[in-house]
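> Mind looking over this structure? Questions follow.
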2 protein chains.
Amino acid sequence: MATKGNAVVGQSGGPTGVINQSLVGVINELHKYPNIDKILGAKHGVRGIINEEFISLRGLPGELLERVAQTPSSALGSTRDKPDEAYCQKIFKSFEKNNINYFFYIGGNDSADTARIISEMAAKASFPLNVYHVPKTIDNDLRTTDHCPGYGSAGRFVALALMGDDADNRSLKGVKIDVIMGRDAGWLTAASVLARTDETDGPHLIYVPEVDFSEDKFLADVDRVYTKLGRCVIAVSEGIKYKGGDKNTLVADKIVTGGEVDAHGNKQLSGTGALGDYLSGLVKAKLGKALQDKTGAKLRVRSDTFGYLQRSFPTIISETDAPEARLCGQKAVEYAMTAPNGLASGSVAMKRLSEDPYKIETFATALTNVARQTKSLDTSFVVNGCDINAEFIKYAKPLVGTLPRPGKLF
Amino acid sequence: MATKGNAVVGQSGGPTGVINQSLVGVINELHKYPNIDKILGAKHGVRGIINEEFISLRGLPGELLERVAQTPSSALGSTRDKPDEAYCQKIFKSFEKNNINYFFYIGGNDSADTARIISEMAAKASFPLNVYHVPKTIDNDLRTTDHCPGYGSAGRFVALALMGDDADNRSLKGVKIDVIMGRDAGWLTAASVLARTDETDGPHLIYVPEVDFSEDKFLADVDRVYTKLGRCVIAVSEGIKYKGGDKNTLVADKIVTGGEVDAHGNKQLSGTGALGDYLSGLVKAKLGKALQDKTGAKLRVRSDTFGYLQRSFPTIISETDAPEARLCGQKAVEYAMTAPNGLASGSVAMKRLSEDPYKIETFATALTNVARQTKSLDTSFVVNGCDINAEFIKYAKPLVGTLPRPGKLF
C-alpha cells in the first residue's frame, strides 16, 4: 500500500527543449493517485526545497500545462547548486517538515546523485520517501539509458543549423567553424553529421572532446578539405582538449590563460565566442596565404558559437524526444508508486527495442547506475579523429526526428 | 510585343531563408512566356555571368524546385562582388554574346545598382534588355518597398531565439547579451521585441545602430533592469556605434583596434563573438561587485552571437515571408514582360494594403528608387535609446508570422 503524503517535483541543471514535457508527465500522472495530497513544484530545484519555495501544481488547466510542455527551458526554474551532505540534510529536513514522501527530480548525473544521497538519508531515518530521478540532458551523457531526453531536440537543432550553414557556405565559400556545446561529451557535436545528405555536404570535419585535439592535424585536415572542395565546414565541441600529462588541457582554457590573450575575461565555455575566434585566427594565420596561393581566392574564415540557442530554441523539438520526455516523467511516478523489482527509489531509463520501426521501452534502474560518472561518446564512432561513422548515424537518426532534404541545383 | 531571347537569373549578397522562393518564382513564371528561349541560372551571381558559368533551369522537376524553394541560402550560389563600371561592361558583353535579353537579379541595394548600370548600358547600346531586381535582405533596409523578402524569416528566428533565451534566463538568472546581425540597420535587432508576451519578458533592453551607443547609459540600463528583475536579457545589434565627430565609430571596431586587445585578429562583425564578449566583460567589470552586493548572488553574465544561423536556419520560415518572396520573383518576370507604367526595367516593391487582415500588393518601381542608399530603422520606433515601441510591433508582427505563446508556472 503506497504511503499517503505530498509530492514535490523539481528541475535542475541546464534547461532543454523538453524538460517541461517531463515535468508535465510527472504532474499529470500524480493526479491519478489518491494517496497523493499536495502536488508541489520546487522553485529553482533543490534551492526551492531548502528555502521552502513551493508552488501548487494540482488542478492547473490542461491548456496551460500543454503550453508549458511545449515551452523550452525549466518552467519551475533551475539551479546550478550541487548539494553536498550538509545541503542534503537541509533538503531532508524540509521534506520532513512539509510531509513530503515523494520526490521527483528532473536532471543529469548530479541530480541523480542528490536523489541518491537523500533517499539514503531517508532510509537511515526510517522516513518513508520514494525518490525518482527523471533523466534530462542535451549532453546525452547519462549511463544505463540508451539516450537522454533533451538530446534529440538539441541534436535536431545542431543538425538543422549545420544543414543551413552548409548551404550558406556553399553559396559564399570559405572556412566555417561552428562551436557546439558539450564540455566532456561529444554526443551533441557528433549529431552535426546528420546534416549531411551527400558526400559534398558539410560538416566536412567534426571534432569531439573524447579525441585529443592537435592543432597541426586540424590545420592539415582543413587544408585537405579546402583544397578539394574550395570550402570547409567544421563542427567542433566547445570541450576539445589537447593531449597532455595526467590531465588534458581544454583548448578553451589555453586561450583564456595562455599566450593568446583574451581581452574579455571570460572563462566559461558557453556564452562566449572565444574558442571559435581562436580557431578562426589559427586557420587564417597558418593557412591563409598558402590556400590563397593555391586557389587564387582570398580565404574567408568565420566562426559561430551556437551557445544557449541549441538548448532553448522554441519549435525545434524532435518528434521522438517530446513524447519520450513526457513518458519518462510519467513512468517516474508509476515506478515510485509500484517499486518495480523493489526499486521504490531509482531513475527512469530507456531501452531501444527495435530500429525499424524505432521503438523504446522504459525501465527502472538504481540511482547508483546513473549518479556521478557520465558516459562519453564511444570513440569507435569517430573516424580518423575528424569524422563520425554510419553506426552513429543509425543510433542518432531516430532521436532527432525527420529532417528536411535540401534542394540543390548544382 | 515582347523580345524573343534568353533569360538569366542570379542571386547576390548574404543569403536568406527565402531567396530561393524568389528564384523559383522567377523560374516558374518564365516558363509561361513563349518568347523566352533558354532559362539560365548564373552561378555565384554576376561572377557567373562574366565567367559564363550558366546552368539550365528549364524543365526541372517541380518536386526539386519546391525543395529548392524551401531550402535556405542561395541555390545558384552568391557573390560579394560589387561591380564597378568596367565589371558591368563585362556583364553586358556576356549578355550580348549569349543573347540574353532578360536579366533577373535577386539581391539588395547593391544588386539594384548593378541592375541599373547594366540597363543603362543596354539602352545606350540599343540592345534590348529588360532587367528586374527582386528585393532580398534580412536587413530590411531597401527603400520604396514596405519591407523586404527575407526579413520576416530572419526576424522570426530572432524573435524565437529571444523567446527561448528569455525562458532560459528566467530559469538560470543572470545577464544575457544576444548579438544580432545588422551593420547599419536595426530592423532585425528590433524584431527581438516580438519575443515578449508580458512585461517581465525579455529582451529587457534593445540597442540598434541608429541610436548612439553609450557605455555609461548601457551600464545604467543593465543595473536598473537587473536590480528590479534579478536578471536582464539584452538584444544588441552587431553594428552599434559610439557618437563621435564626423563619423561614428563601431563599438566592434574599438574592440579590434583600440585598447581592449582582440587576440584573434578578426575584424568582421558577423562570424565572431568579440562584441558579445566585450560587452559581457564590461558588465562583469563595472557592475559585478555592485550587483552582487545588492542582490547577494554572484553576477552571471553570458553572451551569444547569433551569426549565420539567423539567415540560413532551415524550417524557421515565416508563413508570410515565403509566399511573398515567391510572388516578388513571379512579378519580376511579369513586369519585365509587360513594362507597367513604361518600366521595362525596374524593381519589385511591396505596398501594405491593410493591417487586419494583413494584405499587400506588389508594384514596379524604378531601379533608382532602390539602388545605392538604404533605409534605416525609423528612430521614432526607439524608446529611451534602449527599447522598441508598439508601432514597430504593429509593423513587424505580420511579417514574422504566428509565434508560440510560452507557458509559465510563475
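Residues in the C-alpha cells are named by chain (A, B, ... in the order shown) and by number from 1 within that chain; ligands are numbered from 1 in the order shown.
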Find the residues near Ala2 of chain B: any atom within 8 Å, counting only C-alpha atoms, skip ones fewer than 2 places away on the same chain, and give them as a list of chain:residue names.
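Non-adjacent residues within range: B:Lys4, B:Asn35, B:Met337, B:Thr338.
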> Once DSSP has gone over the backbone, tell me which residues of segment 126-194 of chain B are in strand (DSSP E or B), as a PDB file with all heavy atoms, in the first residue's frame.

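part39.pdb, freshly written:
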```pdb
ATOM      1  N   ASN B 130      15.713  43.801 -70.721  1.00  0.00           N
ATOM      2  CA  ASN B 130      14.865  44.165 -69.590  1.00  0.00           C
ATOM      3  C   ASN B 130      15.476  43.565 -68.328  1.00  0.00           C
ATOM      4  O   ASN B 130      15.703  42.358 -68.258  1.00  0.00           O
ATOM      5  CB  ASN B 130      13.440  43.626 -69.771  1.00  0.00           C
ATOM      6  CG  ASN B 130      12.743  44.253 -70.969  1.00  0.00           C
ATOM      7  OD1 ASN B 130      13.389  44.938 -71.774  1.00  0.00           O
ATOM      8  ND2 ASN B 130      11.449  44.005 -71.084  1.00  0.00           N
ATOM      9  N   VAL B 131      15.721  44.430 -67.360  1.00  0.00           N
ATOM     10  CA  VAL B 131      16.377  44.000 -66.122  1.00  0.00           C
ATOM     11  C   VAL B 131      15.429  44.225 -64.958  1.00  0.00           C
ATOM     12  O   VAL B 131      14.953  45.351 -64.760  1.00  0.00           O
ATOM     13  CB  VAL B 131      17.662  44.831 -65.879  1.00  0.00           C
ATOM     14  CG1 VAL B 131      18.356  44.359 -64.616  1.00  0.00           C
ATOM     15  CG2 VAL B 131      18.598  44.736 -67.071  1.00  0.00           C
ATOM     16  N   TYR B 132      15.148  43.181 -64.196  1.00  0.00           N
ATOM     17  CA  TYR B 132      14.334  43.379 -62.995  1.00  0.00           C
ATOM     18  C   TYR B 132      15.067  42.866 -61.763  1.00  0.00           C
ATOM     19  O   TYR B 132      15.623  41.780 -61.758  1.00  0.00           O
ATOM     20  CB  TYR B 132      12.934  42.744 -63.121  1.00  0.00           C
ATOM     21  CG  TYR B 132      11.903  43.826 -63.370  1.00  0.00           C
ATOM     22  CD1 TYR B 132      11.651  44.268 -64.663  1.00  0.00           C
ATOM     23  CD2 TYR B 132      11.258  44.445 -62.305  1.00  0.00           C
ATOM     24  CE1 TYR B 132      10.752  45.294 -64.884  1.00  0.00           C
ATOM     25  CE2 TYR B 132      10.354  45.466 -62.524  1.00  0.00           C
ATOM     26  CZ  TYR B 132      10.104  45.897 -63.805  1.00  0.00           C
ATOM     27  OH  TYR B 132       9.225  46.918 -64.014  1.00  0.00           O
ATOM     28  N   HIS B 133      15.047  43.762 -60.782  1.00  0.00           N
ATOM     29  CA  HIS B 133      15.636  43.452 -59.481  1.00  0.00           C
ATOM     30  C   HIS B 133      14.546  42.886 -58.574  1.00  0.00           C
ATOM     31  O   HIS B 133      13.423  43.397 -58.542  1.00  0.00           O
ATOM     32  CB  HIS B 133      16.201  44.751 -58.892  1.00  0.00           C
ATOM     33  CG  HIS B 133      16.570  44.666 -57.446  1.00  0.00           C
ATOM     34  ND1 HIS B 133      15.782  45.196 -56.434  1.00  0.00           N
ATOM     35  CD2 HIS B 133      17.648  44.121 -56.841  1.00  0.00           C
ATOM     36  CE1 HIS B 133      16.381  44.983 -55.272  1.00  0.00           C
ATOM     37  NE2 HIS B 133      17.511  44.334 -55.482  1.00  0.00           N
ATOM     38  N   VAL B 134      14.884  41.797 -57.879  1.00  0.00           N
ATOM     39  CA  VAL B 134      13.948  41.212 -56.907  1.00  0.00           C
ATOM     40  C   VAL B 134      14.517  41.470 -55.517  1.00  0.00           C
ATOM     41  O   VAL B 134      15.635  41.054 -55.218  1.00  0.00           O
ATOM     42  CB  VAL B 134      13.771  39.692 -57.123  1.00  0.00           C
ATOM     43  CG1 VAL B 134      12.700  39.142 -56.191  1.00  0.00           C
ATOM     44  CG2 VAL B 134      13.436  39.386 -58.572  1.00  0.00           C
ATOM     45  N   PRO B 135      13.788  42.185 -54.659  1.00  0.00           N
ATOM     46  CA  PRO B 135      14.349  42.575 -53.364  1.00  0.00           C
ATOM     47  C   PRO B 135      14.594  41.370 -52.449  1.00  0.00           C
ATOM     48  O   PRO B 135      13.815  40.420 -52.431  1.00  0.00           O
ATOM     49  CB  PRO B 135      13.280  43.497 -52.776  1.00  0.00           C
ATOM     50  CG  PRO B 135      12.009  43.071 -53.435  1.00  0.00           C
ATOM     51  CD  PRO B 135      12.395  42.625 -54.816  1.00  0.00           C
ATOM     52  N   VAL B 175      22.745  38.029 -16.477  1.00  0.00           N
ATOM     53  CA  VAL B 175      22.682  38.986 -17.572  1.00  0.00           C
ATOM     54  C   VAL B 175      23.034  38.240 -18.845  1.00  0.00           C
ATOM     55  O   VAL B 175      24.044  37.542 -18.899  1.00  0.00           O
ATOM     56  CB  VAL B 175      23.671  40.161 -17.355  1.00  0.00           C
ATOM     57  CG1 VAL B 175      23.720  41.062 -18.591  1.00  0.00           C
ATOM     58  CG2 VAL B 175      23.298  40.961 -16.116  1.00  0.00           C
ATOM     59  N   LYS B 176      22.196  38.331 -19.854  1.00  0.00           N
ATOM     60  CA  LYS B 176      22.442  37.641 -21.111  1.00  0.00           C
ATOM     61  C   LYS B 176      22.414  38.657 -22.244  1.00  0.00           C
ATOM     62  O   LYS B 176      21.459  39.430 -22.363  1.00  0.00           O
ATOM     63  CB  LYS B 176      21.374  36.566 -21.342  1.00  0.00           C
ATOM     64  CG  LYS B 176      21.556  35.786 -22.623  1.00  0.00           C
ATOM     65  CD  LYS B 176      22.828  34.916 -22.604  1.00  0.00           C
ATOM     66  CE  LYS B 176      23.220  34.443 -23.997  1.00  0.00           C
ATOM     67  NZ  LYS B 176      22.183  33.727 -24.691  1.00  0.00           N
ATOM     68  N   ILE B 177      23.469  38.641 -23.048  1.00  0.00           N
ATOM     69  CA  ILE B 177      23.594  39.578 -24.170  1.00  0.00           C
ATOM     70  C   ILE B 177      23.541  38.791 -25.475  1.00  0.00           C
ATOM     71  O   ILE B 177      24.334  37.866 -25.670  1.00  0.00           O
ATOM     72  CB  ILE B 177      24.930  40.342 -24.069  1.00  0.00           C
ATOM     73  CG1 ILE B 177      24.976  41.139 -22.766  1.00  0.00           C
ATOM     74  CG2 ILE B 177      25.124  41.259 -25.285  1.00  0.00           C
ATOM     75  CD1 ILE B 177      26.370  41.603 -22.365  1.00  0.00           C
ATOM     76  N   ASP B 178      22.606  39.122 -26.352  1.00  0.00           N
ATOM     77  CA  ASP B 178      22.483  38.458 -27.647  1.00  0.00           C
ATOM     78  C   ASP B 178      22.811  39.443 -28.764  1.00  0.00           C
ATOM     79  O   ASP B 178      22.151  40.474 -28.901  1.00  0.00           O
ATOM     80  CB  ASP B 178      21.067  37.894 -27.824  1.00  0.00           C
ATOM     81  CG  ASP B 178      20.828  36.687 -26.917  1.00  0.00           C
ATOM     82  OD1 ASP B 178      21.800  35.959 -26.634  1.00  0.00           O
ATOM     83  OD2 ASP B 178      19.683  36.488 -26.482  1.00  0.00           O
ATOM     84  N   VAL B 179      23.829  39.093 -29.553  1.00  0.00           N
ATOM     85  CA  VAL B 179      24.271  39.989 -30.623  1.00  0.00           C
ATOM     86  C   VAL B 179      23.631  39.557 -31.943  1.00  0.00           C
ATOM     87  O   VAL B 179      23.728  38.393 -32.345  1.00  0.00           O
ATOM     88  CB  VAL B 179      25.805  39.986 -30.737  1.00  0.00           C
ATOM     89  CG1 VAL B 179      26.257  40.928 -31.860  1.00  0.00           C
ATOM     90  CG2 VAL B 179      26.435  40.411 -29.413  1.00  0.00           C
ATOM     91  N   ILE B 180      22.977  40.517 -32.602  1.00  0.00           N
ATOM     92  CA  ILE B 180      22.135  40.245 -33.769  1.00  0.00           C
ATOM     93  C   ILE B 180      22.696  40.961 -34.993  1.00  0.00           C
ATOM     94  O   ILE B 180      23.236  42.058 -34.882  1.00  0.00           O
ATOM     95  CB  ILE B 180      20.688  40.685 -33.441  1.00  0.00           C
ATOM     96  CG1 ILE B 180      20.154  39.815 -32.282  1.00  0.00           C
ATOM     97  CG2 ILE B 180      19.776  40.593 -34.664  1.00  0.00           C
ATOM     98  CD1 ILE B 180      18.924  40.339 -31.620  1.00  0.00           C
TER      99      ILE B 180
END
```
> What does the distance from atom CA of Gly329 of chain B to atom CA of Val24 of chain B come to in Å, to one decimal?
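Calculated distance between atom CA of Gly329 of chain B and atom CA of Val24 of chain B is 7.3 Å.
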> Do you know which residues are at most 8 Å from Leu299 of chain A counting only C-alpha atoms, after dropping those on the same chain fewer than 2 positions away, and could you put them as a count of residues only?
9
> May I have the residues within 12 Å of Asp81 of chain A as number ranges by chain, using only C-alpha atoms and disregarding those fewer than 4 positions away in the same chain?
A: 11-14, 44-50, 87-88, 107, 110-111, 114; B: 172
> Please provide the set of residues having any atom within 8 Å of Ala122 of chain A, restricted to only C-alpha atoms, with same-chain residues fewer than 6 positions apart removed, written as a ChimeraX atom specification.
/A:92,128-129
> Kindly save the residues from that selection, with N, CA, C and O atoms included, as a PDB file, in the first residue's frame.

```pdb
ATOM      1  N   PHE A  92      16.436  17.217   3.290  1.00  0.00           N
ATOM      2  CA  PHE A  92      15.715  16.177   4.026  1.00  0.00           C
ATOM      3  C   PHE A  92      14.858  16.787   5.144  1.00  0.00           C
ATOM      4  O   PHE A  92      13.700  16.404   5.343  1.00  0.00           O
ATOM      5  N   PRO A 128       9.565   7.547   5.354  1.00  0.00           N
ATOM      6  CA  PRO A 128       9.129   6.989   4.067  1.00  0.00           C
ATOM      7  C   PRO A 128       9.271   8.021   2.934  1.00  0.00           C
ATOM      8  O   PRO A 128       8.538   8.998   2.906  1.00  0.00           O
ATOM      9  N   LEU A 129      10.237   7.797   2.084  1.00  0.00           N
ATOM     10  CA  LEU A 129      10.475   8.728   0.973  1.00  0.00           C
ATOM     11  C   LEU A 129      10.854   7.942  -0.277  1.00  0.00           C
ATOM     12  O   LEU A 129      11.853   7.216  -0.273  1.00  0.00           O
TER      13      LEU A 129
END
```
> Can you pull out the residues contacting Tyr226 of chain B? Cut-off 12 Å, using only C-alpha atoms, and skip same-chain residues under 3 positions away; I want them as a VMD selection string.
chain B and resid 169 to 170 173 to 176 200 202 204 to 205 219 to 223 229 to 234 283 287 to 288 290 to 292 294 to 295 297 299 to 301
> Restrict the selected residues to C-alpha atoms and save them as a PDB file, in the first residue's frame.

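Wrote it out as part.pdb, contents follow:
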```pdb
ATOM      1  CA  ASN B 169      17.481  33.188 -18.402  1.00  0.00           C
ATOM      2  CA  ARG B 170      14.325  33.042 -16.265  1.00  0.00           C
ATOM      3  CA  LYS B 173      19.181  34.004 -13.807  1.00  0.00           C
ATOM      4  CA  GLY B 174      21.841  36.444 -14.922  1.00  0.00           C
ATOM      5  CA  VAL B 175      22.682  38.986 -17.572  1.00  0.00           C
ATOM      6  CA  LYS B 176      22.442  37.641 -21.111  1.00  0.00           C
ATOM      7  CA  THR B 200       8.502  40.641 -17.324  1.00  0.00           C
ATOM      8  CA  GLY B 202      12.946  39.817 -22.255  1.00  0.00           C
ATOM      9  CA  HIS B 204      14.524  43.938 -21.480  1.00  0.00           C
ATOM     10  CA  LEU B 205      16.939  46.162 -23.385  1.00  0.00           C
ATOM     11  CA  LEU B 219      25.563  50.019 -17.747  1.00  0.00           C
ATOM     12  CA  ALA B 220      22.938  52.175 -16.035  1.00  0.00           C
ATOM     13  CA  ASP B 221      20.212  50.423 -18.054  1.00  0.00           C
ATOM     14  CA  VAL B 222      21.500  46.955 -17.110  1.00  0.00           C
ATOM     15  CA  ASP B 223      21.827  47.983 -13.456  1.00  0.00           C
ATOM     16  CA  LEU B 229      14.049  41.670 -12.011  1.00  0.00           C
ATOM     17  CA  GLY B 230      17.184  39.884 -10.805  1.00  0.00           C
ATOM     18  CA  ARG B 231      18.015  39.216 -14.432  1.00  0.00           C
ATOM     19  CA  CYS B 232      18.430  41.062 -17.726  1.00  0.00           C
ATOM     20  CA  VAL B 233      18.202  39.894 -21.335  1.00  0.00           C
ATOM     21  CA  ILE B 234      19.696  42.257 -23.910  1.00  0.00           C
ATOM     22  CA  VAL B 283      29.155  44.331 -17.380  1.00  0.00           C
ATOM     23  CA  LEU B 287      28.632  46.032 -12.308  1.00  0.00           C
ATOM     24  CA  GLY B 288      29.767  42.666 -10.958  1.00  0.00           C
ATOM     25  CA  ALA B 290      27.828  46.305  -7.011  1.00  0.00           C
ATOM     26  CA  LEU B 291      25.101  43.923  -8.179  1.00  0.00           C
ATOM     27  CA  GLN B 292      26.462  41.082  -6.083  1.00  0.00           C
ATOM     28  CA  LYS B 294      22.844  44.480  -3.881  1.00  0.00           C
ATOM     29  CA  THR B 295      21.294  41.085  -4.636  1.00  0.00           C
ATOM     30  CA  ALA B 297      24.016  36.479  -5.720  1.00  0.00           C
ATOM     31  CA  LEU B 299      26.501  38.016 -11.203  1.00  0.00           C
ATOM     32  CA  ARG B 300      26.358  35.552 -14.101  1.00  0.00           C
ATOM     33  CA  VAL B 301      26.981  37.178 -17.479  1.00  0.00           C
TER      34      VAL B 301
END
```
> Would you mind listing what lies within 12 Å of Pro149 of chain A as number ranges by chain, with only C-alpha atoms counted and same-chain residues fewer than 6 positions away left out?
A: 15-23, 106-108, 134-142, 155, 311, 317-329, 348-350, 362, 399-400
